[in-house]
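Visitor: Sending over a structure as structure tokens; questions will come in a sec.
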Amino acid sequence: MGDAAQQSRSARAAYFAALPWGQILEDAAQLSAVCRHDGQLADYIPALARVAPDQFGIAVATLDGSIHSVEDCATRFSIQSISKVFLLSLAYRSYGESLWERVRQAPSTNPFNSLIELELERGIPRNPFLNPGALVVTDALLSRHTHLESAMVALLRELAGSAGINYDSEVFNSELRCASRHFAAAHLMQSHGNFSNVVSEVVRAYCASCAIEASCVELARAGLFLANGGRAIEGGRQLLSAHEAQRVCALMLTTGTYEYSGMTAFAIGLPTKSGVGGGVLAILPGRGSICIWSPRLDARGNSVRAMKALELISNAAGLSLFA
Ligand code: DON
């Protein structure tokens, strides 16, 4: 990077760190409260339907290590599909560009658990954030990690700087008991030659990764490496190259909130990944990351209030990548 580019990057990071976060987050919490009762809990995983639905928290992490937060920002919740960002990062690190022989980088207008395109497109999932895509990524990882579950928890702990992060075994067992579609997707990919490991082992590792619990503060910290050119803030490990981190962010923008991704780019303008636990993680390249959590979901599986709050924050602070 040239001197001028480096200077403008540092100025952007400093501007972001100095925003009046206390006020911005209070306003977003207050204004998003109009939709606090909108949406449904993810009852297809029974343990998630037992979560207290009115919880809400926000945490912003900046590259200088500061955290700004409001409300239930320290309460751990099920990260669900947000884990796909970390699964993808581990697999990309391990396989490099050859990963894209098994999963594409295209958006989809079908739901995250749909199998329709998978059959039509010969067992190659559209992208790594759809469930079939994340299962293929998990399959690739299992070929190189004998203890993938522990590797995922260790990665989250390292990136968040928080030794308390762990799985929720109740959520894990609850999802595993209702995992017919995961098995169907995996077997379909296997029939097309795009699967290497024992299906049940891959499904277990995938469900375990989704059942990791973390708070808004922990997830915002864990996402910082993507804002920091692939380098962890905690410990300084270069997890991905800057180019790879940029590509993971591009996928989060174009596919991270599923059928809503076009609207996410339009209304929020940031790489964003949602999970059916109600969490939303947004990356601000070169600046920081934001995690918002509220359990009630829209029909696409994105948190209603968290997406609203993210839109309010992005607009109030002028955070869109296109601003
Ligand atoms: O595989 C599933 O269905 C869940 N473990 C994760 C889905 C999810 O979080 C979708 N995102 N909003």
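FYI, nothing fancy with the structure tokens labels: chains A, B, ... in order, residues from 1 per chain, ligands from 1 as they appear.
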Within 9 Å of ligand 1, counting only C-alpha atoms and all ligand atoms: which residues, as a ChimeraX atom specification?

Guide: /A:42,44-45,78-84,111-113,129-132,134-135,172,175,179,181-182,206-211,256-258,273-280,297,300-303

Visitor: Quick one: DSSP alpha helix (DSSP H) residues in stretch 146-262 of chain A, as an MDAnalysis selection string?

Guide: chainID A and resid 148:160 169:177 180:191 199:210 216:227 242:255 261:262

Visitor: Just the strand (DSSP E or B) stuff from stretch 125-264 of chain A, please, per backbone DSSP, written as a PDB file with all heavy atoms, in the first residue's frame.

Guide:
```
ATOM      1  N   ASN A 166     -17.740 -21.116  24.639  1.00  0.00           N
ATOM      2  CA  ASN A 166     -17.882 -22.571  24.538  1.00  0.00           C
ATOM      3  C   ASN A 166     -19.150 -22.940  23.767  1.00  0.00           C
ATOM      4  O   ASN A 166     -19.897 -22.058  23.373  1.00  0.00           O
ATOM      5  CB  ASN A 166     -17.928 -23.191  25.940  1.00  0.00           C
ATOM      6  CG  ASN A 166     -17.133 -24.485  25.982  1.00  0.00           C
ATOM      7  OD1 ASN A 166     -17.027 -25.176  24.960  1.00  0.00           O
ATOM      8  ND2 ASN A 166     -16.577 -24.802  27.136  1.00  0.00           N
ATOM      9  N   TYR A 167     -19.373 -24.263  23.626  1.00  0.00           N
ATOM     10  CA  TYR A 167     -20.621 -24.737  23.014  1.00  0.00           C
ATOM     11  C   TYR A 167     -21.730 -24.768  24.028  1.00  0.00           C
ATOM     12  O   TYR A 167     -21.477 -24.949  25.206  1.00  0.00           O
ATOM     13  CB  TYR A 167     -20.480 -26.202  22.571  1.00  0.00           C
ATOM     14  CG  TYR A 167     -19.424 -26.410  21.581  1.00  0.00           C
ATOM     15  CD1 TYR A 167     -18.207 -26.935  21.950  1.00  0.00           C
ATOM     16  CD2 TYR A 167     -19.655 -26.056  20.271  1.00  0.00           C
ATOM     17  CE1 TYR A 167     -17.220 -27.104  21.027  1.00  0.00           C
ATOM     18  CE2 TYR A 167     -18.664 -26.221  19.342  1.00  0.00           C
ATOM     19  CZ  TYR A 167     -17.453 -26.737  19.729  1.00  0.00           C
ATOM     20  OH  TYR A 167     -16.480 -26.891  18.811  1.00  0.00           O
ATOM     21  N   ILE A 212     -21.954 -22.775  19.186  1.00  0.00           N
ATOM     22  CA  ILE A 212     -21.048 -21.961  20.011  1.00  0.00           C
ATOM     23  C   ILE A 212     -21.822 -20.734  20.506  1.00  0.00           C
ATOM     24  O   ILE A 212     -22.653 -20.183  19.781  1.00  0.00           O
ATOM     25  CB  ILE A 212     -19.798 -21.532  19.197  1.00  0.00           C
ATOM     26  CG1 ILE A 212     -18.940 -22.765  18.886  1.00  0.00           C
ATOM     27  CG2 ILE A 212     -18.982 -20.485  19.953  1.00  0.00           C
ATOM     28  CD1 ILE A 212     -17.753 -22.490  17.965  1.00  0.00           C
ATOM     29  N   GLU A 213     -21.559 -20.380  21.756  1.00  0.00           N
ATOM     30  CA  GLU A 213     -22.199 -19.189  22.337  1.00  0.00           C
ATOM     31  C   GLU A 213     -21.163 -18.096  22.537  1.00  0.00           C
ATOM     32  O   GLU A 213     -20.055 -18.357  23.011  1.00  0.00           O
ATOM     33  CB  GLU A 213     -22.760 -19.522  23.713  1.00  0.00           C
ATOM     34  CG  GLU A 213     -24.043 -20.300  23.673  1.00  0.00           C
ATOM     35  CD  GLU A 213     -24.724 -20.234  25.029  1.00  0.00           C
ATOM     36  OE1 GLU A 213     -24.032 -20.314  26.061  1.00  0.00           O
ATOM     37  OE2 GLU A 213     -25.931 -20.078  25.052  1.00  0.00           O
ATOM     38  N   ALA A 214     -21.535 -16.879  22.202  1.00  0.00           N
ATOM     39  CA  ALA A 214     -20.654 -15.725  22.454  1.00  0.00           C
ATOM     40  C   ALA A 214     -21.534 -14.498  22.621  1.00  0.00           C
ATOM     41  O   ALA A 214     -22.702 -14.495  22.211  1.00  0.00           O
ATOM     42  CB  ALA A 214     -19.684 -15.537  21.289  1.00  0.00           C
ATOM     43  N   ARG A 231      -5.509  -9.878  10.004  1.00  0.00           N
ATOM     44  CA  ARG A 231      -4.639 -10.070  11.178  1.00  0.00           C
ATOM     45  C   ARG A 231      -5.434  -9.888  12.471  1.00  0.00           C
ATOM     46  O   ARG A 231      -6.139  -8.888  12.646  1.00  0.00           O
ATOM     47  CB  ARG A 231      -3.484  -9.060  11.153  1.00  0.00           C
ATOM     48  CG  ARG A 231      -2.505  -9.212  12.323  1.00  0.00           C
ATOM     49  CD  ARG A 231      -1.460  -8.110  12.309  1.00  0.00           C
ATOM     50  NE  ARG A 231      -0.552  -8.220  11.185  1.00  0.00           N
ATOM     51  CZ  ARG A 231       0.546  -8.979  11.174  1.00  0.00           C
ATOM     52  NH1 ARG A 231       0.869  -9.680  12.243  1.00  0.00           N
ATOM     53  NH2 ARG A 231       1.312  -9.021  10.118  1.00  0.00           N
ATOM     54  N   GLN A 238      -1.626 -13.565  11.750  1.00  0.00           N
ATOM     55  CA  GLN A 238      -2.173 -13.294  10.414  1.00  0.00           C
ATOM     56  C   GLN A 238      -2.993 -14.514  10.020  1.00  0.00           C
ATOM     57  O   GLN A 238      -2.461 -15.507   9.521  1.00  0.00           O
ATOM     58  CB  GLN A 238      -1.035 -13.034   9.416  1.00  0.00           C
ATOM     59  CG  GLN A 238      -1.496 -12.508   8.056  1.00  0.00           C
ATOM     60  CD  GLN A 238      -1.828 -11.013   8.053  1.00  0.00           C
ATOM     61  OE1 GLN A 238      -1.092 -10.224   8.631  1.00  0.00           O
ATOM     62  NE2 GLN A 238      -2.934 -10.624   7.439  1.00  0.00           N
TER      63      GLN A 238
END
```

Visitor: When distances are computed from only C-alpha atoms, which of A:Arg126, A:Arg177, A:Arg221, A:Arg296 shows the smallest separation from A:Val203?

Guide: A:Arg177

Visitor: Enter the distance from atom CA of A:Leu25 to atom CA of A:Ile290, in Å, rounded to one decimal.

Guide: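 Straight-line distance from atom CA of A:Leu25 to atom CA of A:Ile290 works out to 10.7 Å.
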
Visitor: Counting only C-alpha atoms, which of A:Ala265, A:Val248, A:Asn197, A:Pro20 gets nearest to A:Gly96?

Guide: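 When distances to A:Gly96 are compared using only C-alpha atoms, the smallest one comes from A:Val248.
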
Visitor: Applying 10 Å and only C-alpha atoms, which residues near A:Thr109 remain after dropping the ones on its own chain fewer than 5 positions away? List them as an NGL selection string.

Guide: :A and (114 or 117 or 255 or 258-262)

Visitor: Those selected residues, please, written with N, CA and C atoms and delivered as a PDB file, in the first residue's frame.

Guide:
```
ATOM      1  N   SER A 114     -32.294 -24.219   1.595  1.00  0.00           N
ATOM      2  CA  SER A 114     -32.895 -24.777   0.380  1.00  0.00           C
ATOM      3  C   SER A 114     -31.951 -25.771  -0.309  1.00  0.00           C
ATOM      4  N   GLU A 117     -31.356 -25.466  -5.705  1.00  0.00           N
ATOM      5  CA  GLU A 117     -30.231 -25.169  -6.607  1.00  0.00           C
ATOM      6  C   GLU A 117     -29.168 -26.267  -6.554  1.00  0.00           C
ATOM      7  N   THR A 255     -23.853 -12.180   0.138  1.00  0.00           N
ATOM      8  CA  THR A 255     -24.615 -13.403   0.454  1.00  0.00           C
ATOM      9  C   THR A 255     -24.890 -13.611   1.946  1.00  0.00           C
ATOM     10  N   TYR A 258     -28.475 -13.779   3.127  1.00  0.00           N
ATOM     11  CA  TYR A 258     -29.317 -14.594   2.247  1.00  0.00           C
ATOM     12  C   TYR A 258     -30.100 -13.745   1.248  1.00  0.00           C
ATOM     13  N   GLU A 259     -31.418 -14.002   1.145  1.00  0.00           N
ATOM     14  CA  GLU A 259     -32.223 -13.304   0.121  1.00  0.00           C
ATOM     15  C   GLU A 259     -32.280 -11.800   0.389  1.00  0.00           C
ATOM     16  N   TYR A 260     -31.912 -11.392   1.613  1.00  0.00           N
ATOM     17  CA  TYR A 260     -31.965  -9.965   1.955  1.00  0.00           C
ATOM     18  C   TYR A 260     -30.660  -9.253   1.576  1.00  0.00           C
ATOM     19  N   SER A 261     -29.668  -9.997   1.070  1.00  0.00           N
ATOM     20  CA  SER A 261     -28.327  -9.406   0.888  1.00  0.00           C
ATOM     21  C   SER A 261     -28.334  -8.164  -0.004  1.00  0.00           C
ATOM     22  N   GLY A 262     -29.156  -8.167  -1.041  1.00  0.00           N
ATOM     23  CA  GLY A 262     -29.245  -6.976  -1.900  1.00  0.00           C
ATOM     24  C   GLY A 262     -29.718  -5.777  -1.096  1.00  0.00           C
TER      25      GLY A 262
END
```

Visitor: Provide the atom CA of A:Arg157 to atom CA of A:Arg144 distance in Å, to one decimal place.

Guide: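 Computing it gives 20.3 Å between the two atoms.
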
Visitor: Taking only C-alpha atoms into account, name the residue in A:Gln55, A:Ser108, A:Ser162, A:Ser10 that is nearest to A:Ala220.

Guide: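 Closest residue, counting only C-alpha atoms: A:Ser162.
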